[in-house]
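One file, model.cif, is given below (mmCIF, C-alpha atoms).
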data_input
loop_
_atom_site.label_atom_id
_atom_site.label_comp_id
_atom_site.auth_asym_id
_atom_site.auth_seq_id
_atom_site.Cartn_x
_atom_site.Cartn_y
_atom_site.Cartn_z
CA MET A 101 -60.58 38.58 -10.12
CA SER A 102 -58.96 41.08 -12.52
CA ASP A 103 -62.15 43.14 -12.46
CA LEU A 104 -62.30 43.32 -8.65
CA ARG A 105 -63.31 46.85 -7.78
CA PHE A 106 -61.95 49.08 -5.02
CA VAL A 107 -64.41 51.50 -3.43
CA SER A 108 -62.77 54.65 -2.05
CA SER A 109 -63.85 56.74 0.91
CA GLY A 110 -65.32 59.34 -1.42
CA GLU A 111 -67.38 56.72 -3.24
CA ILE A 112 -68.61 55.30 0.07
CA ALA A 113 -69.80 58.76 1.12
CA GLY A 114 -71.71 59.08 -2.14
CA LEU A 115 -73.36 55.68 -1.77
CA LEU A 116 -74.37 55.72 1.90
CA SER A 117 -76.89 57.80 3.83
CA PHE A 118 -77.43 57.61 7.57
CA PRO A 119 -81.17 56.82 7.46
CA ALA A 120 -80.57 53.83 5.18
CA LEU A 121 -77.46 52.66 7.05
CA ILE A 122 -79.12 52.88 10.47
CA ASP A 123 -82.03 50.80 9.16
CA ALA A 124 -79.60 48.26 7.70
CA ILE A 125 -77.69 47.90 10.97
CA GLU A 126 -80.95 47.59 12.91
CA ALA A 127 -82.00 44.76 10.57
CA ALA A 128 -78.56 43.13 10.87
CA PHE A 129 -78.88 42.80 14.65
CA ARG A 130 -82.08 40.83 14.06
CA ARG A 131 -80.48 38.51 11.47
CA SER A 132 -78.48 35.31 11.84
CA ILE A 133 -74.90 36.58 11.46
CA THR A 134 -71.86 34.65 12.67
CA VAL A 135 -69.16 36.82 14.24
CA PRO A 136 -66.00 34.94 15.32
CA VAL A 137 -63.71 36.41 17.96
CA ARG A 138 -61.58 39.19 16.55
CA HIS A 139 -58.09 37.99 15.58
CA HIS A 140 -55.09 39.93 16.95
CA HIS A 141 -51.64 39.16 15.55
CA ALA A 142 -48.55 40.92 16.91
CA LEU A 143 -45.89 41.85 14.34
CA PRO A 144 -42.57 42.69 16.04
CA ARG A 145 -40.87 45.68 14.41
CA PRO A 146 -37.69 47.61 15.37
CA ASP A 147 -39.64 50.90 15.40
CA GLY A 148 -42.51 49.63 17.54
CA ASP A 149 -44.53 46.43 17.55
CA ALA A 150 -47.19 46.42 14.86
CA MET A 151 -50.55 44.66 14.85
CA LEU A 152 -52.72 42.89 12.30
CA LEU A 153 -56.42 42.71 13.14
CA LEU A 154 -58.87 40.46 11.29
CA MET A 155 -62.61 40.87 11.84
CA PRO A 156 -64.81 38.42 9.88
CA ALA A 157 -68.58 38.01 9.80
CA TRP A 158 -70.98 36.09 7.58
CA THR A 159 -74.64 35.38 7.07
CA GLY A 160 -75.71 31.74 7.26
CA GLY A 161 -79.00 31.25 5.50
CA GLY A 162 -77.49 28.88 2.94
CA GLY A 163 -78.78 30.86 -0.02
CA GLU A 164 -77.36 32.78 -2.94
CA ALA A 165 -77.79 36.03 -1.02
CA ASP A 166 -75.38 35.02 1.76
CA MET A 167 -72.43 37.35 2.33
CA LEU A 168 -68.99 36.97 3.90
CA GLY A 169 -67.04 40.02 4.95
CA THR A 170 -63.61 40.52 6.52
CA LYS A 171 -62.06 43.71 7.80
CA LEU A 172 -58.25 43.75 7.77
CA VAL A 173 -56.63 46.49 9.81
CA THR A 174 -52.93 47.14 10.29
CA VAL A 175 -51.51 49.28 13.10
CA PHE A 176 -47.88 50.31 12.55
CA PRO A 177 -46.88 52.88 15.23
CA GLY A 178 -43.55 53.55 13.51
CA ASN A 179 -45.35 55.08 10.55
CA ASN A 180 -45.80 58.33 12.44
CA ALA A 181 -42.08 59.01 12.08
CA ARG A 182 -42.38 58.28 8.35
CA GLY A 183 -45.11 60.85 7.93
CA ILE A 184 -47.70 58.27 6.89
CA GLU A 185 -50.80 57.01 8.68
CA SER A 186 -50.27 54.39 11.36
CA ILE A 187 -53.69 52.75 10.96
CA THR A 188 -54.85 51.48 7.58
CA GLY A 189 -57.42 48.95 6.53
CA LEU A 190 -59.36 47.17 3.83
CA TYR A 191 -62.77 45.54 3.84
CA ILE A 192 -63.24 42.54 1.55
CA LEU A 193 -66.78 41.44 0.72
CA ASN A 194 -67.24 37.92 -0.68
CA SER A 195 -70.21 35.94 -1.85
CA GLY A 196 -71.27 33.70 1.01
CA ALA A 197 -72.56 31.17 -1.51
CA THR A 198 -69.42 30.77 -3.66
CA GLY A 199 -66.64 32.52 -1.74
CA GLN A 200 -65.87 34.69 -4.75
CA PRO A 201 -64.60 38.19 -3.82
CA LEU A 202 -67.07 40.87 -4.87
CA VAL A 203 -65.53 44.18 -3.87
CA VAL A 204 -62.78 45.75 -1.74
CA MET A 205 -63.53 48.88 0.26
CA ASP A 206 -61.75 51.55 2.30
CA ALA A 207 -62.17 50.10 5.79
CA ARG A 208 -61.54 53.38 7.62
CA ALA A 209 -64.38 55.12 5.81
CA LEU A 210 -66.70 52.17 6.30
CA THR A 211 -65.83 52.10 10.01
CA VAL A 212 -66.62 55.76 10.75
CA TRP A 213 -69.94 55.46 8.93
CA ARG A 214 -71.03 52.28 10.72
CA THR A 215 -69.79 53.44 14.12
CA ALA A 216 -71.79 56.66 13.96
CA ALA A 217 -74.83 54.80 12.63
CA ALA A 218 -74.74 52.32 15.54
CA SER A 219 -74.74 55.21 18.02
CA ALA A 220 -77.70 56.78 16.24
CA LEU A 221 -79.51 53.42 16.28
CA ALA A 222 -79.10 53.29 20.05
CA ALA A 223 -80.37 56.87 20.28
CA ARG A 224 -83.56 55.81 18.50
CA TYR A 225 -84.35 53.69 21.54
CA LEU A 226 -82.70 55.72 24.29
CA ALA A 227 -82.77 59.47 23.52
CA ARG A 228 -85.89 61.53 24.15
CA PRO A 229 -87.94 61.95 20.96
CA ASP A 230 -87.74 65.74 21.33
CA ALA A 231 -83.95 65.86 21.81
CA SER A 232 -82.81 68.97 19.94
CA ARG A 233 -79.46 69.95 21.44
CA LEU A 234 -76.36 67.85 20.73
CA ALA A 235 -72.99 68.17 22.46
CA VAL A 236 -69.98 66.59 20.74
CA ILE A 237 -66.99 65.93 22.98
CA GLY A 238 -63.89 65.64 20.81
CA ALA A 239 -63.34 66.93 17.29
CA GLY A 240 -61.52 64.02 15.69
CA ALA A 241 -62.27 62.23 12.42
CA LEU A 242 -65.34 60.44 13.78
CA ALA A 243 -66.96 63.47 15.43
CA PRO A 244 -68.72 65.04 12.41
CA TYR A 245 -70.14 61.65 11.43
CA LEU A 246 -71.61 61.28 14.92
CA ALA A 247 -73.17 64.72 14.61
CA ARG A 248 -74.76 63.90 11.25
CA ALA A 249 -75.95 60.48 12.41
CA HIS A 250 -77.64 61.76 15.57
CA ALA A 251 -79.25 64.58 13.59
CA SER A 252 -80.77 61.97 11.28
CA VAL A 253 -82.74 60.29 14.10
CA ARG A 254 -83.60 63.23 16.37
CA PRO A 255 -84.69 66.83 15.64
CA ILE A 256 -81.27 68.31 16.41
CA ARG A 257 -81.36 72.10 16.09
CA THR A 258 -78.04 73.06 17.74
CA ILE A 259 -74.65 71.32 17.87
CA THR A 260 -72.04 72.36 20.44
CA ILE A 261 -68.49 71.06 20.08
CA TRP A 262 -65.87 70.88 22.82
CA ASN A 263 -62.30 69.85 22.12
CA ARG A 264 -59.13 70.15 24.16
CA THR A 265 -57.79 72.31 21.32
CA LEU A 266 -60.47 74.95 20.78
CA ALA A 267 -59.29 75.71 17.24
CA LYS A 268 -60.18 72.17 16.15
CA ALA A 269 -63.66 72.54 17.64
CA GLU A 270 -64.08 75.83 15.81
CA ALA A 271 -62.95 74.28 12.52
CA MET A 272 -65.44 71.43 12.92
CA ALA A 273 -68.23 73.87 13.77
CA GLU A 274 -67.46 75.89 10.67
CA SER A 275 -67.52 72.75 8.52
CA LEU A 276 -70.89 71.66 9.95
CA ARG A 277 -72.30 75.16 9.43
CA SER A 278 -71.39 74.84 5.75
CA GLU A 279 -73.67 71.77 5.71
CA GLY A 280 -76.54 73.77 7.17
CA PHE A 281 -76.19 72.88 10.86
CA ASP A 282 -76.37 75.46 13.66
CA ALA A 283 -72.99 74.53 15.14
CA ARG A 284 -70.59 76.34 17.47
CA ALA A 285 -67.48 75.64 19.51
CA GLN A 286 -67.61 75.79 23.31
CA ALA A 287 -64.55 76.29 25.50
CA ASP A 288 -66.35 75.18 28.69
CA ARG A 289 -66.73 71.39 28.67
CA GLY A 290 -69.11 71.35 31.63
CA ALA A 291 -71.40 73.90 29.99
CA ALA A 292 -71.39 71.96 26.71
CA ILE A 293 -72.45 68.77 28.49
CA ALA A 294 -75.01 70.38 30.82
CA ASP A 295 -76.79 72.24 28.03
CA ALA A 296 -77.30 69.19 25.78
CA ASP A 297 -80.06 66.64 25.31
CA ILE A 298 -77.62 64.17 23.74
CA VAL A 299 -73.92 64.02 24.62
CA THR A 300 -71.74 62.07 22.20
CA SER A 301 -68.08 61.53 23.05
CA ALA A 302 -65.34 60.15 20.79
CA THR A 303 -61.96 60.88 22.37
CA LEU A 304 -58.77 59.08 23.30
CA SER A 305 -58.48 60.92 26.59
CA PRO A 306 -56.76 58.99 29.41
CA GLN A 307 -59.06 60.75 31.91
CA PRO A 308 -62.89 60.72 31.85
CA LEU A 309 -64.31 63.85 30.23
CA VAL A 310 -68.03 63.13 30.62
CA GLU A 311 -68.39 63.73 34.34
CA GLY A 312 -71.55 62.80 36.18
CA ARG A 313 -71.67 66.13 37.99
CA TYR A 314 -72.52 67.83 34.68
CA LEU A 315 -75.32 65.48 33.62
CA GLN A 316 -78.93 66.64 33.66
CA PRO A 317 -82.22 64.70 33.93
CA GLY A 318 -83.44 63.40 30.59
CA GLN A 319 -80.08 63.31 28.83
CA HIS A 320 -78.72 60.53 26.66
CA VAL A 321 -74.96 59.87 26.75
CA ASP A 322 -73.22 58.14 23.83
CA LEU A 323 -69.68 56.89 24.50
CA VAL A 324 -67.65 55.85 21.46
CA GLY A 325 -63.97 56.67 21.98
CA GLY A 326 -62.61 54.30 24.63
CA PHE A 327 -61.76 50.93 23.06
CA THR A 328 -59.53 49.19 25.62
CA PRO A 329 -60.23 47.91 29.17
CA THR A 330 -58.18 50.77 30.65
CA MET A 331 -59.71 53.69 28.71
CA ARG A 332 -62.65 55.65 30.08
CA GLU A 333 -64.68 58.59 28.78
CA ALA A 334 -67.23 58.72 31.64
CA ASP A 335 -66.48 58.77 35.35
CA ASP A 336 -68.04 56.66 38.11
CA GLU A 337 -70.64 59.32 38.89
CA ALA A 338 -71.89 59.28 35.30
CA ILE A 339 -72.21 55.48 35.40
CA ARG A 340 -73.93 55.61 38.79
CA ARG A 341 -76.53 58.14 37.65
CA ALA A 342 -77.35 56.50 34.31
CA ARG A 343 -79.39 53.60 32.97
CA VAL A 344 -76.63 51.72 31.12
CA TYR A 345 -76.77 50.00 27.71
CA VAL A 346 -74.07 48.58 25.41
CA ASP A 347 -73.77 47.56 21.75
CA THR A 348 -72.88 43.95 22.62
CA ARG A 349 -72.62 42.52 26.10
CA ALA A 350 -69.70 40.26 25.17
CA GLY A 351 -67.66 43.04 23.59
CA ALA A 352 -68.33 45.82 26.08
CA GLY A 353 -67.84 43.52 29.06
CA LYS A 354 -64.31 42.68 27.91
CA GLU A 355 -63.03 45.64 25.90
CA ALA A 356 -64.66 48.84 27.19
CA GLY A 357 -63.07 50.46 30.23
CA ASP A 358 -66.27 52.45 30.79
CA ILE A 359 -67.93 49.11 31.56
CA VAL A 360 -65.02 46.87 32.63
CA ILE A 361 -63.71 49.16 35.38
CA PRO A 362 -67.08 49.82 37.08
CA LEU A 363 -67.86 46.09 36.90
CA ALA A 364 -64.53 45.25 38.54
CA SER A 365 -65.06 47.75 41.34
CA GLY A 366 -68.62 46.63 42.01
CA LEU A 367 -70.10 50.02 41.13
CA LEU A 368 -71.84 48.36 38.18
CA LYS A 369 -73.30 44.87 38.33
CA PRO A 370 -73.95 42.73 35.22
CA GLU A 371 -77.69 43.07 35.81
CA ASP A 372 -77.29 46.87 35.79
CA ILE A 373 -76.63 46.69 32.04
CA HIS A 374 -80.23 46.99 30.89
CA GLY A 375 -79.75 45.83 27.31
CA ASP A 376 -77.64 45.66 24.17
CA LEU A 377 -78.47 46.29 20.52
CA PHE A 378 -79.53 42.67 20.00
CA GLU A 379 -82.08 43.02 22.80
CA LEU A 380 -83.21 46.54 21.96
CA THR A 381 -83.84 45.72 18.31
CA ALA A 382 -85.59 42.45 19.23
CA GLY A 383 -87.80 44.20 21.78
CA THR A 384 -86.60 41.98 24.63
CA ALA A 385 -85.01 44.93 26.46
CA ALA A 386 -86.86 48.13 27.28
CA GLY A 387 -85.37 51.42 26.15
CA ARG A 388 -85.85 54.77 27.83
CA GLY A 389 -88.40 54.45 30.62
CA SER A 390 -89.15 58.09 31.43
CA ALA A 391 -88.47 61.60 30.24
CA ASP A 392 -86.27 62.36 33.26
CA GLU A 393 -83.94 59.39 33.42
CA ILE A 394 -80.38 59.57 32.12
CA THR A 395 -79.50 56.87 29.60
CA LEU A 396 -75.95 55.88 28.66
CA PHE A 397 -74.81 53.78 25.68
CA LYS A 398 -71.30 52.37 25.35
CA SER A 399 -70.12 51.23 21.92
CA VAL A 400 -67.04 49.15 21.13
CA GLY A 401 -68.06 48.04 17.64
CA THR A 402 -68.85 44.69 16.08
CA ALA A 403 -68.25 43.06 12.71
CA ILE A 404 -72.05 42.84 12.32
CA GLU A 405 -72.08 46.58 11.68
CA ASP A 406 -69.23 46.37 9.16
CA LEU A 407 -70.99 43.64 7.19
CA ALA A 408 -74.28 45.55 7.16
CA ALA A 409 -72.54 48.68 5.86
CA ALA A 410 -70.55 46.77 3.24
CA GLU A 411 -73.66 45.00 1.98
CA LEU A 412 -75.43 48.35 1.62
CA VAL A 413 -72.53 49.76 -0.39
CA TRP A 414 -72.51 46.66 -2.61
CA LYS A 415 -76.24 46.90 -3.28
CA ALA A 416 -75.88 50.59 -4.15
CA LEU A 417 -73.04 49.79 -6.58
CA LYS A 418 -75.20 47.24 -8.34
CA GLY A 419 -78.01 49.80 -8.60
#

Since I need it in another form, could you write the structure as structure tokens?
Amino acid sequence: MSDLRFVSSGEIAGLLSFPALIDAIEAAFRRSITVPVRHHHALPRPDGDAMLLLMPAWTGGGGEADMLGTKLVTVFPGNNARGIESITGLYILNSGATGQPLVVMDARALTVWRTAAASALAARYLARPDASRLAVIGAGALAPYLARAHASVRPIRTITIWNRTLAKAEAMAESLRSEGFDARAQADRGAAIADADIVTSATLSPQPLVEGRYLQPGQHVDLVGGFTPTMREADDEAIRRARVYVDTRAGAGKEAGDIVIPLASGLLKPEDIHGDLFELTAGTAAGRGSADEITLFKSVGTAIEDLAAAELVWKALKG
């Protein structure tokens, strides 16, 4: 226990690559992995109620290679006034055979990597093979990872970034250009969406930003930001025009406003969700059916992806 190692965000970046991580997550959706319901524990605090989230997952083959992973996330809103981050987290990887802890990792870094990789995995099945123009809606911490992940599975030649604050979009574009991407900021959200082959959105906007009136035949839409039943990134018209997929039916049907709200209104029926990542990777759901259809993928995240990413980091550490 005294030798238990902590893996920082910088180390994670040096150990992971998107091609390898996407393959690992694809394989994980085909494996036998147990994922209990996420635990939410409220922690009353004078400066705003805090939350402890526990997200476990484990493999169940009964062998020495079994793994057990748990993500622990704390949300303390009052930290903003203290000048420290309100969301922090750790990922603990244990041997599934003995229960012994193997390594502790920066959960925030692991999460942005696996979230972007899951979106890129969906794009393997849903985006046109010749997709070369990417639009990124939002310029937050996850956005550059989404750009890199999508560029690893499709021949992306140009990246256009829209953000409510243009300066942030310009800063992200400059950073991506330093990595060799042809990236630019765009002040016109509609133009950014209409000119893209893939639209990836990771925002906390209370109002939908990916509007169906902007969508063009053949596009793939990737929605990542909304993570509660009341949050939406795409409007009804976008849902109506698209062939809809999700990462997990159970998660998206309960947690994702982009799915929950259209289901409640009757705009979207359960059978209108054409597949999830379990079904796409197993070949039991068809992906893109034609070059002209619009596909839409909604991600809410699952502990399967965390475990796959943590296992990959652990294997890289061991050499």

Listing only residues of stretch 168-268 of chain A within 9 Å of stretch 135-157 of chain A, what is the closest atom pair and its distance in Å (to one decimal) for each, using all atoms listed in the file, sorted by chain and residue number ascending, as JSON lines?
{"residue": "A:Leu168", "atom": "CA", "partner": "A:Ala157", "partner_atom": "CA", "distance": 6.0}
{"residue": "A:Gly169", "atom": "CA", "partner": "A:Ala157", "partner_atom": "CA", "distance": 5.5}
{"residue": "A:Thr170", "atom": "CA", "partner": "A:Pro156", "partner_atom": "CA", "distance": 4.1}
{"residue": "A:Lys171", "atom": "CA", "partner": "A:Met155", "partner_atom": "CA", "distance": 5.0}
{"residue": "A:Leu172", "atom": "CA", "partner": "A:Leu154", "partner_atom": "CA", "distance": 4.9}
{"residue": "A:Val173", "atom": "CA", "partner": "A:Leu153", "partner_atom": "CA", "distance": 5.0}
{"residue": "A:Thr174", "atom": "CA", "partner": "A:Leu152", "partner_atom": "CA", "distance": 4.7}
{"residue": "A:Val175", "atom": "CA", "partner": "A:Met151", "partner_atom": "CA", "distance": 5.0}
{"residue": "A:Phe176", "atom": "CA", "partner": "A:Ala150", "partner_atom": "CA", "distance": 4.6}
{"residue": "A:Pro177", "atom": "CA", "partner": "A:Gly148", "partner_atom": "CA", "distance": 5.9}
{"residue": "A:Gly178", "atom": "CA", "partner": "A:Asp147", "partner_atom": "CA", "distance": 5.1}
{"residue": "A:Asn179", "atom": "CA", "partner": "A:Asp147", "partner_atom": "CA", "distance": 8.6}

Selection above as a file: C-alpha atoms, as a JSON list (two decimals), in the frame of the given file:
[["chain", "number", "residue", "atom", "x", "y", "z"],
["A", 168, "LEU", "CA", -68.99, 36.97, 3.90],
["A", 169, "GLY", "CA", -67.04, 40.02, 4.95],
["A", 170, "THR", "CA", -63.61, 40.52, 6.52],
["A", 171, "LYS", "CA", -62.06, 43.71, 7.80],
["A", 172, "LEU", "CA", -58.25, 43.75, 7.77],
["A", 173, "VAL", "CA", -56.63, 46.49, 9.81],
["A", 174, "THR", "CA", -52.93, 47.14, 10.29],
["A", 175, "VAL", "CA", -51.51, 49.28, 13.10],
["A", 176, "PHE", "CA", -47.88, 50.31, 12.55],
["A", 177, "PRO", "CA", -46.88, 52.88, 15.23],
["A", 178, "GLY", "CA", -43.55, 53.55, 13.51],
["A", 179, "ASN", "CA", -45.35, 55.08, 10.55]]

Counting only C-alpha atoms, find residues at most 6 Å from (-72.4, 30.7, 9.5) (file frame) and give them as a PDB file with C-alpha atoms, in the coordinates of the input.
ATOM      1  CA  THR A 134     -71.860  34.650  12.670  1.00  0.00           C
ATOM      2  CA  TRP A 158     -70.980  36.090   7.580  1.00  0.00           C
ATOM      3  CA  THR A 159     -74.640  35.380   7.070  1.00  0.00           C
ATOM      4  CA  GLY A 160     -75.710  31.740   7.260  1.00  0.00           C
TER       5      GLY A 160
END

(message) Neighbouring residues of stretch 111-117 of chain A were defined as those with any atom within 10 Å, considering all atoms listed in the file; residues of the same chain fewer than 6 positions away were excluded. Please report them as a PyMOL selection string.
(response) chain A and resi 205-206+209-210+213+217+248-249+252+409-410+412-417

Going by the chain IDs and residue numbers used in this file, which residues fall under the PyMOL selection byres ((chain A and resi 263) around 12)? Write them as a ChimeraX atom specification. /A:235-240,243,260-262,264-273,284-290,292,301-305,309

Requested in this report: Run through the PyMOL selection byres ((chain A and resi 316) around 12) on the given coordinates and return the selected residues as a PyMOL selection string.
Outcome: chain A and resi 290-299+310-315+317-321+338+341-342+391-395

Just C-alpha atoms for this one: save the residues we selected as a PDB file, in the frame of the given file.
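Resulting contents of part.pdb:
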ATOM      1  CA  GLY A 290     -69.110  71.350  31.630  1.00  0.00           C
ATOM      2  CA  ALA A 291     -71.400  73.900  29.990  1.00  0.00           C
ATOM      3  CA  ALA A 292     -71.390  71.960  26.710  1.00  0.00           C
ATOM      4  CA  ILE A 293     -72.450  68.770  28.490  1.00  0.00           C
ATOM      5  CA  ALA A 294     -75.010  70.380  30.820  1.00  0.00           C
ATOM      6  CA  ASP A 295     -76.790  72.240  28.030  1.00  0.00           C
ATOM      7  CA  ALA A 296     -77.300  69.190  25.780  1.00  0.00           C
ATOM      8  CA  ASP A 297     -80.060  66.640  25.310  1.00  0.00           C
ATOM      9  CA  ILE A 298     -77.620  64.170  23.740  1.00  0.00           C
ATOM     10  CA  VAL A 299     -73.920  64.020  24.620  1.00  0.00           C
ATOM     11  CA  VAL A 310     -68.030  63.130  30.620  1.00  0.00           C
ATOM     12  CA  GLU A 311     -68.390  63.730  34.340  1.00  0.00           C
ATOM     13  CA  GLY A 312     -71.550  62.800  36.180  1.00  0.00           C
ATOM     14  CA  ARG A 313     -71.670  66.130  37.990  1.00  0.00           C
ATOM     15  CA  TYR A 314     -72.520  67.830  34.680  1.00  0.00           C
ATOM     16  CA  LEU A 315     -75.320  65.480  33.620  1.00  0.00           C
ATOM     17  CA  PRO A 317     -82.220  64.700  33.930  1.00  0.00           C
ATOM     18  CA  GLY A 318     -83.440  63.400  30.590  1.00  0.00           C
ATOM     19  CA  GLN A 319     -80.080  63.310  28.830  1.00  0.00           C
ATOM     20  CA  HIS A 320     -78.720  60.530  26.660  1.00  0.00           C
ATOM     21  CA  VAL A 321     -74.960  59.870  26.750  1.00  0.00           C
ATOM     22  CA  ALA A 338     -71.890  59.280  35.300  1.00  0.00           C
ATOM     23  CA  ARG A 341     -76.530  58.140  37.650  1.00  0.00           C
ATOM     24  CA  ALA A 342     -77.350  56.500  34.310  1.00  0.00           C
ATOM     25  CA  ALA A 391     -88.470  61.600  30.240  1.00  0.00           C
ATOM     26  CA  ASP A 392     -86.270  62.360  33.260  1.00  0.00           C
ATOM     27  CA  GLU A 393     -83.940  59.390  33.420  1.00  0.00           C
ATOM     28  CA  ILE A 394     -80.380  59.570  32.120  1.00  0.00           C
ATOM     29  CA  THR A 395     -79.500  56.870  29.600  1.00  0.00           C
TER      30      THR A 395
END

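Surrounding residues of (-57.4, 57.4, 25.3) at most 9 Å away are Thr303, Leu304, Ser305, Pro306, Gln307, Gly325, Gly326, Phe327, Thr328, Thr330, Met331, Arg332 and Glu333 of chain A (based on all atoms listed in the file).
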
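What separates atom CA of A:Ser219 from atom CA of A:Leu363 is a distance of 22.1 Å.
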
How would stretch 121-128 of chain A look written as an mmCIF file, in the first residue's frame with all heavy atoms?
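The resulting file, decode-v3.cif, is shown below:
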data_model
loop_
_atom_site.group_PDB
_atom_site.id
_atom_site.type_symbol
_atom_site.label_atom_id
_atom_site.label_comp_id
_atom_site.auth_asym_id
_atom_site.auth_seq_id
_atom_site.Cartn_x
_atom_site.Cartn_y
_atom_site.Cartn_z
ATOM 1 N N LEU A 121 -6.964 4.056 -27.322
ATOM 2 C CA LEU A 121 -8.061 4.176 -26.366
ATOM 3 C C LEU A 121 -9.405 3.872 -27.019
ATOM 4 O O LEU A 121 -10.262 3.201 -26.417
ATOM 5 C CB LEU A 121 -8.072 5.579 -25.756
ATOM 6 C CG LEU A 121 -9.163 5.868 -24.718
ATOM 7 C CD1 LEU A 121 -9.133 4.850 -23.586
ATOM 8 C CD2 LEU A 121 -9.021 7.284 -24.183
ATOM 9 N N ILE A 122 -9.608 4.326 -28.223
ATOM 10 C CA ILE A 122 -10.869 4.045 -28.933
ATOM 11 C C ILE A 122 -11.020 2.540 -29.141
ATOM 12 O O ILE A 122 -12.098 1.969 -28.935
ATOM 13 C CB ILE A 122 -10.922 4.815 -30.267
ATOM 14 C CG1 ILE A 122 -10.984 6.319 -29.988
ATOM 15 C CG2 ILE A 122 -12.130 4.382 -31.095
ATOM 16 C CD1 ILE A 122 -10.626 7.180 -31.189
ATOM 17 N N ASP A 123 -9.934 1.879 -29.532
ATOM 18 C CA ASP A 123 -9.979 0.420 -29.688
ATOM 19 C C ASP A 123 -10.294 -0.268 -28.364
ATOM 20 O O ASP A 123 -11.062 -1.238 -28.315
ATOM 21 C CB ASP A 123 -8.639 -0.097 -30.219
ATOM 22 C CG ASP A 123 -8.423 0.212 -31.689
ATOM 23 O OD1 ASP A 123 -9.393 0.586 -32.371
ATOM 24 O OD2 ASP A 123 -7.267 0.076 -32.153
ATOM 25 N N ALA A 124 -9.707 0.236 -27.270
ATOM 26 C CA ALA A 124 -9.936 -0.369 -25.959
ATOM 27 C C ALA A 124 -11.388 -0.211 -25.514
ATOM 28 O O ALA A 124 -11.986 -1.140 -24.945
ATOM 29 C CB ALA A 124 -8.996 0.250 -24.925
ATOM 30 N N ILE A 125 -11.961 0.956 -25.768
ATOM 31 C CA ILE A 125 -13.359 1.173 -25.387
ATOM 32 C C ILE A 125 -14.290 0.334 -26.267
ATOM 33 O O ILE A 125 -15.282 -0.231 -25.784
ATOM 34 C CB ILE A 125 -13.699 2.677 -25.457
ATOM 35 C CG1 ILE A 125 -12.964 3.417 -24.330
ATOM 36 C CG2 ILE A 125 -15.205 2.903 -25.349
ATOM 37 C CD1 ILE A 125 -13.140 4.919 -24.354
ATOM 38 N N GLU A 126 -13.966 0.221 -27.547
ATOM 39 C CA GLU A 126 -14.765 -0.636 -28.428
ATOM 40 C C GLU A 126 -14.763 -2.072 -27.905
ATOM 41 O O GLU A 126 -15.809 -2.728 -27.824
ATOM 42 C CB GLU A 126 -14.211 -0.582 -29.842
ATOM 43 C CG GLU A 126 -15.028 -1.369 -30.849
ATOM 44 C CD GLU A 126 -14.574 -1.134 -32.270
ATOM 45 O OE1 GLU A 126 -13.346 -1.103 -32.504
ATOM 46 O OE2 GLU A 126 -15.439 -0.980 -33.158
ATOM 47 N N ALA A 127 -13.575 -2.578 -27.521
ATOM 48 C CA ALA A 127 -13.477 -3.932 -26.978
ATOM 49 C C ALA A 127 -14.234 -4.055 -25.664
ATOM 50 O O ALA A 127 -14.853 -5.099 -25.383
ATOM 51 C CB ALA A 127 -12.011 -4.307 -26.781
ATOM 52 N N ALA A 128 -14.206 -3.004 -24.839
ATOM 53 C CA ALA A 128 -14.877 -3.046 -23.534
ATOM 54 C C ALA A 128 -16.388 -3.206 -23.680
ATOM 55 O O ALA A 128 -17.030 -3.895 -22.867
ATOM 56 C CB ALA A 128 -14.551 -1.790 -22.736
#
